[in-house]
$ cat input.txt   # compact mmCIF, C-alpha atoms
# COMPACT_ATOMS: atom_id res chain seq x y z
CA MET A 1 87.04 140.14 60.35
CA LYS A 2 86.93 143.29 58.28
CA LYS A 3 85.96 142.82 54.64
CA LEU A 4 87.84 145.76 53.11
CA LEU A 5 91.42 145.04 54.05
CA LEU A 6 93.29 145.13 50.78
CA ALA A 7 92.28 146.55 47.46
CA ALA A 8 93.90 145.19 44.34
CA SER A 9 93.66 146.94 41.03
CA LEU A 10 94.51 144.81 38.04
CA LEU A 11 95.33 146.50 34.77
CA SER A 12 95.27 144.09 31.87
CA SER A 13 96.62 145.41 28.57
CA SER A 14 95.17 142.79 26.21
CA THR A 15 94.58 139.10 25.90
CA LEU A 16 96.97 137.56 28.37
CA MET A 17 100.58 137.66 27.17
CA ALA A 18 103.86 137.83 29.05
CA GLY A 19 104.45 141.09 30.87
CA ASP A 20 100.95 142.50 30.70
CA LEU A 21 99.79 142.93 34.31
CA SER A 22 100.21 146.06 36.40
CA LEU A 23 99.06 145.64 39.98
CA GLN A 24 98.37 148.12 42.75
CA PHE A 25 97.67 147.09 46.34
CA THR A 26 96.40 149.35 49.08
CA ASN A 27 96.14 148.48 52.76
CA LEU A 28 92.69 149.87 53.62
CA THR A 29 92.87 149.15 57.35
CA HIS A 30 93.16 151.79 60.03
CA GLY A 31 95.60 149.95 62.28
CA SER A 32 96.75 146.65 60.81
CA HIS A 33 99.97 145.97 58.97
CA PHE A 34 100.52 143.30 56.33
CA THR A 35 103.56 141.04 56.24
CA PRO A 36 105.23 140.31 52.88
CA LEU A 37 102.73 139.57 50.12
CA ILE A 38 102.87 136.63 47.77
CA VAL A 39 101.20 137.17 44.41
CA ALA A 40 100.95 134.17 42.10
CA ALA A 41 99.55 133.66 38.60
CA HIS A 42 98.89 129.96 38.14
CA ASN A 43 96.86 127.45 36.19
CA THR A 44 96.31 124.83 38.92
CA GLY A 45 96.43 124.71 42.70
CA HIS A 46 95.70 127.27 45.41
CA LEU A 47 97.50 129.38 47.99
CA PHE A 48 94.52 128.61 50.25
CA GLU A 49 91.01 127.24 49.90
CA ILE A 50 88.07 128.60 51.88
CA GLY A 51 86.51 125.96 54.13
CA THR A 52 89.45 123.55 54.07
CA PRO A 53 92.12 123.08 56.75
CA ALA A 54 95.20 125.25 56.36
CA THR A 55 98.21 123.62 54.72
CA ALA A 56 101.55 123.73 56.54
CA SER A 57 102.65 126.46 54.11
CA LEU A 58 99.55 128.56 54.78
CA GLN A 59 99.96 128.05 58.52
CA ALA A 60 103.54 129.37 58.38
CA MET A 61 102.37 132.47 56.51
CA ALA A 62 99.25 133.07 58.65
CA GLU A 63 101.06 132.64 61.99
CA GLY A 64 104.42 134.23 61.24
CA GLY A 65 104.35 135.91 57.84
CA ASP A 66 106.68 133.32 56.28
CA ILE A 67 105.76 133.04 52.57
CA SER A 68 108.63 130.70 51.61
CA GLY A 69 106.49 127.53 51.75
CA LEU A 70 103.78 129.09 49.59
CA VAL A 71 106.44 130.26 47.13
CA SER A 72 107.77 126.69 46.93
CA ASP A 73 104.27 125.30 46.47
CA MET A 74 103.52 127.70 43.62
CA THR A 75 106.96 127.23 42.03
CA ALA A 76 106.25 123.49 41.85
CA LEU A 77 103.12 124.36 39.83
CA SER A 78 105.05 126.55 37.35
CA ALA A 79 103.35 129.68 38.66
CA ASP A 80 104.57 133.20 37.97
CA ILE A 81 105.33 134.69 41.39
CA VAL A 82 106.04 138.10 42.88
CA GLU A 83 107.38 137.92 46.44
CA ASN A 84 107.31 140.80 48.89
CA PRO A 85 106.77 143.69 46.45
CA ALA A 86 106.51 146.16 49.36
CA ALA A 87 109.99 145.10 50.61
CA GLY A 88 108.68 144.48 54.12
CA LEU A 89 105.60 145.41 56.09
CA MET A 90 102.75 147.36 54.48
CA ALA A 91 101.44 150.00 56.88
CA PRO A 92 97.81 151.10 57.06
CA GLY A 93 97.02 153.33 54.07
CA GLN A 94 100.16 152.32 52.19
CA SER A 95 99.92 151.51 48.47
CA ILE A 96 102.38 149.70 46.25
CA SER A 97 102.40 149.29 42.48
CA PHE A 98 104.37 146.84 40.36
CA ASP A 99 104.29 144.95 37.08
CA MET A 100 104.01 141.20 36.86
CA THR A 101 105.13 139.01 33.99
CA VAL A 102 102.58 136.26 33.41
CA ASP A 103 103.00 133.25 31.17
CA ASN A 104 99.94 132.76 28.96
CA SER A 105 99.31 129.30 30.47
CA ASN A 106 98.70 130.82 33.93
CA SER A 107 95.18 132.18 33.99
CA TYR A 108 94.37 132.55 37.72
CA LEU A 109 95.61 135.12 40.24
CA SER A 110 96.04 134.42 43.96
CA ILE A 111 97.34 136.70 46.71
CA THR A 112 97.88 136.36 50.44
CA THR A 113 99.53 138.13 53.37
CA MET A 114 99.40 137.87 57.17
CA ILE A 115 97.64 140.59 59.15
CA LEU A 116 99.56 142.03 62.11
CA PRO A 117 98.66 141.95 64.93
CA THR A 118 96.75 138.66 64.68
CA ASN A 119 97.51 135.09 65.73
CA ASP A 120 96.67 133.55 62.36
CA GLY A 121 94.67 136.09 60.38
CA PHE A 122 95.37 136.75 56.74
CA VAL A 123 94.03 138.58 53.71
CA GLY A 124 93.65 136.64 50.51
CA LEU A 125 92.38 136.17 47.02
CA ASP A 126 92.02 132.60 45.78
CA ALA A 127 92.27 131.73 42.09
CA LEU A 128 90.61 134.77 40.49
CA PRO A 129 90.35 134.28 36.71
CA ILE A 130 92.67 136.91 35.19
CA PRO A 131 90.57 139.16 32.92
CA GLU A 132 91.32 138.81 29.23
CA LYS A 133 89.88 142.19 28.20
CA LYS A 134 91.94 145.35 28.46
CA GLY A 135 90.84 147.49 31.39
CA THR A 136 91.18 148.40 35.03
CA TYR A 137 89.67 146.00 37.54
CA THR A 138 89.33 146.64 41.28
CA TYR A 139 88.83 143.94 43.90
CA GLN A 140 88.28 144.25 47.63
CA LEU A 141 89.80 141.27 49.37
CA SER A 142 88.50 139.51 52.46
CA ALA A 143 90.22 138.60 55.70
CA TYR A 144 90.29 135.03 56.97
CA ASP A 145 91.25 133.12 60.11
CA ALA A 146 93.50 130.18 59.27
CA GLY A 147 92.09 128.31 62.27
CA THR A 148 95.52 127.09 63.30
CA GLU A 149 95.64 128.55 66.82
CA ALA A 150 93.45 130.09 69.50
CA ASN A 151 92.64 133.78 69.18
CA ASP A 152 94.13 134.69 72.57
CA GLU A 153 95.75 137.99 71.47
CA ILE A 154 99.02 137.24 73.27
CA VAL A 155 101.84 139.28 71.69
CA ASN A 156 104.94 137.31 72.61
CA GLY A 157 107.08 137.25 69.48
CA ALA A 158 106.28 133.61 68.72
CA GLY A 159 104.86 133.60 65.19
CA ALA A 160 106.01 130.10 64.33
CA PRO A 161 103.73 127.20 63.46
CA GLY A 162 102.68 125.50 66.68
CA ALA A 163 103.93 128.33 68.90
CA ALA A 164 101.01 130.23 70.39
CA GLY A 165 101.11 134.00 70.14
CA ILE A 166 101.33 136.96 67.81
CA PRO A 167 104.82 137.70 66.40
CA ALA A 168 104.61 141.47 66.91
CA ASP A 169 102.38 144.51 67.00
CA PRO A 170 103.99 147.09 64.69
CA LEU A 171 102.16 149.89 66.52
CA GLY A 172 103.45 148.75 69.93
CA LEU A 173 99.96 148.25 71.36
CA ASN A 174 100.83 144.91 72.92
CA GLY A 175 98.13 144.92 75.61
CA SER A 176 98.50 142.80 78.69
CA ASN A 177 97.17 139.51 80.06
CA ALA A 178 95.99 138.44 76.61
CA SER A 179 93.67 141.43 76.32
CA GLY A 180 95.57 143.21 73.52
$ encode --input "input.txt" --output "structure tokens"
Amino acid sequence: MKKLLLAASLLSSSTLMAGDLSLQFTNLTHGSHFTPLIVAAHNTGHLFEIGTPATASLQAMAEGGDISGLVSDMTALSADIVENPAAGLMAPGQSISFDMTVDNSNSYLSITTMILPTNDGFVGLDALPIPEKKGTYTYQLSAYDAGTEANDEIVNGAGAPGAAGIPADPLGLNGSNASG
């Protein structure tokens, strides 16, 4: 998958204290939308781990854009969470900016969002140490395949764990006969 899907700029005002992160996300794709983002500052755990099977919560997000399971997982770990800062889909080229309050015990940042149209593709950042020095930091995030269903490109509105198919193509380029 494409490497440059989402850029995240992290502005850190000083040694980590509550209320000190300003984040900006930009969808750098030319034709893919992102479902609601989850952004979590945490001290333990992961939204996802490269090379390990997808959790049920990750599967729900990667197949249908449902972040509620990941929010619950991170809440159980006392993470600071921002849900859906774009208030819906993020179109290609769209940027959003927001502030995030972070407890000083949460020193890692994780982000994920489903890519539309894909069966189970997502963009993510896993447990990045939050910089302690004041400054502007830019990260280019990678795309991943959750590995939870075949890449058959069928756009059928499914988007639920265990239901084959892509939930929707926001650009209406649904293709035919699984050749989308």
$ residues_around --input "input.txt" --residues "Gly121 (chain A)" --least-positions-apart "4" --cutoff "9 Å" --atoms "all atoms listed in the file" --output "PyMOL selection string"
chain A and resi 1+62-63+113-117+143-147
$ residues_around --input "input.txt" --residues "Glu49 (chain A)" --least-positions-apart "6" --cutoff "10 Å" --atoms "only C-alpha atoms" --output "number ranges by chain"
A: 55, 58, 124-127
$ closest_residue --input "input.txt" --among "A:Ala86, A:Leu128, A:Ile81, A:Ile154" --to "Ala40 (chain A)" --atoms "only C-alpha atoms"
A:Ile81
$ residues_around --input "input.txt" --residues "Ala91 (chain A)" --least-positions-apart "2" --cutoff "8 Å" --atoms "all atoms listed in the file" --output "MDAnalysis selection string"
chainID A and resid 27 31:34 89 93:94
$ write_last_selection --input "input.txt" --atoms "C-alpha atoms" --output "compact mmCIF listing (two decimals), keeping the file's coordinate frame"
# COMPACT_ATOMS: atom_id res chain seq x y z
CA ASN A 27 96.14 148.48 52.76
CA GLY A 31 95.60 149.95 62.28
CA SER A 32 96.75 146.65 60.81
CA HIS A 33 99.97 145.97 58.97
CA PHE A 34 100.52 143.30 56.33
CA LEU A 89 105.60 145.41 56.09
CA GLY A 93 97.02 153.33 54.07
CA GLN A 94 100.16 152.32 52.19
$ closest_residue --input "input.txt" --among "A:Val39, A:Val123, A:Ser110, A:His30" --to "Phe98 (chain A)" --atoms "all atoms listed in the file"
A:Val39
$ closest_residue --input "input.txt" --among "A:Ala150, A:Thr118, A:His42, A:Phe25" --to "Ala76 (chain A)" --atoms "all atoms listed in the file"
A:His42
$ atom_distance --input "input.txt" --atom1 "CA of Asn106 (chain A)" --atom2 "CA of Ser72 (chain A)"
16.4 Å
$ atom_distance --input "input.txt" --atom1 "CA of Asn104 (chain A)" --atom2 "CA of Thr52 (chain A)"
28.7 Å
